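> Below is a structure I'd like to ask you about.
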Amino acid sequence: MHHKNILLVSRTSRYIERMRELKHALDVSILPSTPDTFSQAISSGHEFDLVIVDSDNLDQDTLNAIDSYVSDNGFIPTLVICEEGKLSSLHLPSQGRNDFIMAGASEAEFEVRCALLLWPGEESAPADIVTIDNMTINLATYQVYIDEEPVDLTLMEYSLLSFLATHPARAYSRETLLHRVWGFEYCGGTRTVDVHIRRVRSKVGPQVAAHIVTVRGVGYLFKV
């Protein structure tokens with residue numbers, strides 16, 4: 001699996017916490033928007049791999065704008081959250097890979113439906129295994145091994161290491177890493193990146209740590 005970006009369109013903030021849970025469960029960044037900020041979100045320069053639509057009380061103009069954006073960008077997969085009792089008025093884009101989920105669905109179902117739209121048919125496969133020197137990263141199971149021994153990484157340490165390792169030979173600024181690893185909604189400072197880089201280097205050992213290069217005045221690069 002590879003990092004994906006999700007756009008949430010909702011009139012309220014009722015799914016913000018659910019989005020945080022989803023971000024921790026899957027390798028995704030999530031940008032929340034409302035009908036008033038939707039146009040800003042789609043013109044922000046981000047490319048989205050999934051649009052989640054909380055359909056409760058969305059007006060027809062907003063639904064039409066979402067349809068146009070989805071179709072104009074190669075029919076982005078769409079997941080519509082539907083209220084109980086409103087299935088008869090469910091609105092799904094007419095083309096592309098789309099699905100719906102009931103508002104009261106469990107976290108597990110929400111995660112699975114999103115994953116199926118983001119990574120259709122992708123199970124654990126050789127492409128999910130990244131091997132660099134004495135390190136192996138299993139992108140499907142979120143596990144890292146050094147000399148076949150598991151490494152005890154936090155979720156954010158794993159996410160930072162796996163992002164850099166799967167995007168080698170390119171320098172990323174601290175701000176970009178915050179966006180790509182911590183997500184759109186993260187409000188902390190860039191020192192967080194330095195702290196996590198230091199922890200990752202200490203845990204993976206000198207052989208792998210040598211691949212994580214500090215680019216002065218820019219950020220970090222994974223050297224291959």
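Order determines the names: the first chain of the structure tokens is A, the second B, and so forth; residues in each chain are numbered 1 upward, and ligands are numbered 1 upward as they are shown.
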For A:Lys86, list every protein, DNA or RNA residue within 10 Å, evaluated using only C-alpha atoms, and leave out those in the same chain fewer than 3 positions away; present the list as an NGL selection string.
:A and (55-56 or 82-83 or 89-91 or 102)
> Write out as a tab-separated table a residue-level contact list of stretch 14-110 of chain A versus stretch 139-159 of chain A with cut-off 10 Å: for each qualifying residue the closest pair of atoms and the distance in Å to one decimal, counting only C-alpha atoms, rows sorted by chain and residue number upward.

residue	atom	partner	partner_atom	distance
A:His24	CA	A:Leu155	CA	7.6
A:Ala25	CA	A:Leu155	CA	9.4
A:Leu26	CA	A:Tyr142	CA	9.7
A:Asp27	CA	A:Ser159	CA	7.6
> Need the shell around A:Leu118: protein/DNA/RNA residues with any atom at most 9 Å away, counting only C-alpha atoms. Skip same-chain ones fewer than 6 positions apart. Format as a count of residues only?
4
> Got a sec to tell me which of stretch 35-188 of chain A DSSP assigns to strand (DSSP E), as a PyMOL selection string?
chain A and resi 50-54+78-82+98-102+129-132+135-138+143-146+149-150+172-173
> Counting only C-alpha atoms, what is within 9 Å of A:His196, bar same-chain residues fewer than 4 positions away, as a list in words?
Met156, Glu157, Leu160, Arg191, Thr192, Val200 and Arg201 of chain A
> Quick one: residues within 9 Å of A:Arg18, only C-alpha atoms, excluding same-chain residues fewer than 4 positions away - as a list in words?
Arg14, Leu22, Lys23, Glu107 and Phe110 of chain A
> Near A:Pro168, counting only C-alpha atoms, which residues have an atom at most 7 Å away, once you skip same-chain residues fewer than 3 positions from it, shown as a compact mmCIF listing (two decimals) with N, CA and C atoms, in the first residue's frame?

# COMPACT_ATOMS: atom_id res chain seq x y z
N LEU A 164 10.01 7.94 3.74
CA LEU A 164 11.32 8.27 3.18
C LEU A 164 11.89 7.11 2.37
N ALA A 165 11.74 5.89 2.88
CA ALA A 165 12.30 4.73 2.19
C ALA A 165 11.61 4.44 0.87
N LEU A 221 16.59 13.40 3.31
CA LEU A 221 16.61 12.63 2.07
C LEU A 221 16.99 11.19 2.43
N PHE A 222 16.35 10.24 1.78
CA PHE A 222 16.75 8.84 1.94
C PHE A 222 17.65 8.46 0.78
N LYS A 223 18.91 8.24 1.09
CA LYS A 223 19.92 7.95 0.07
C LYS A 223 19.95 6.44 -0.23
N VAL A 224 19.94 6.09 -1.50
CA VAL A 224 20.00 4.67 -1.90
C VAL A 224 21.34 4.38 -2.57
> Do a neighbour search on A:Gly183 at 12 Å with only C-alpha atoms, toss out local chain neighbours closer than 2 positions, and write the hits as a ChimeraX atom specification.
/A:3-7,19-20,22-24,26-32,156,159-160,175-181,185-188
> I need the residue nearest A:Val51 from this list: A:Ser202, A:Asn98, A:Thr136, A:Gln207. Use only C-alpha atoms for the distance.
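Of all the options, A:Asn98 lies closest to A:Val51.
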> So how many Å separate atom CA of A:Ile197 and atom CA of A:Asn138, to one decimal?
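It comes out at 19.4 Å.
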> Determine the nearest neighbour of A:Asp54 from the options A:Glu84, A:Asp128, A:Val195, A:Ala103, counting only C-alpha atoms.
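Under the stated criterion, the closest residue is A:Ala103.
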> Mind pulling up the distance from atom CA of A:Ala171 to atom CA of A:Gly219?
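Straight-line distance from atom CA of A:Gly219 to atom CA of A:Ala171 works out to 6.5 Å.
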> Atom CA of A:Asp99 to atom CA of A:Leu79: how many Å, to one decimal?
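Going from atom CA of A:Asp99 over to atom CA of A:Leu79, I get 5.0 Å.
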> Which of these, A:Glu21, A:Thr34, A:Val193, A:Leu8, has the shortest distance to A:Ala108 once you count only C-alpha atoms?
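Closest residue, counting only C-alpha atoms: A:Glu21.
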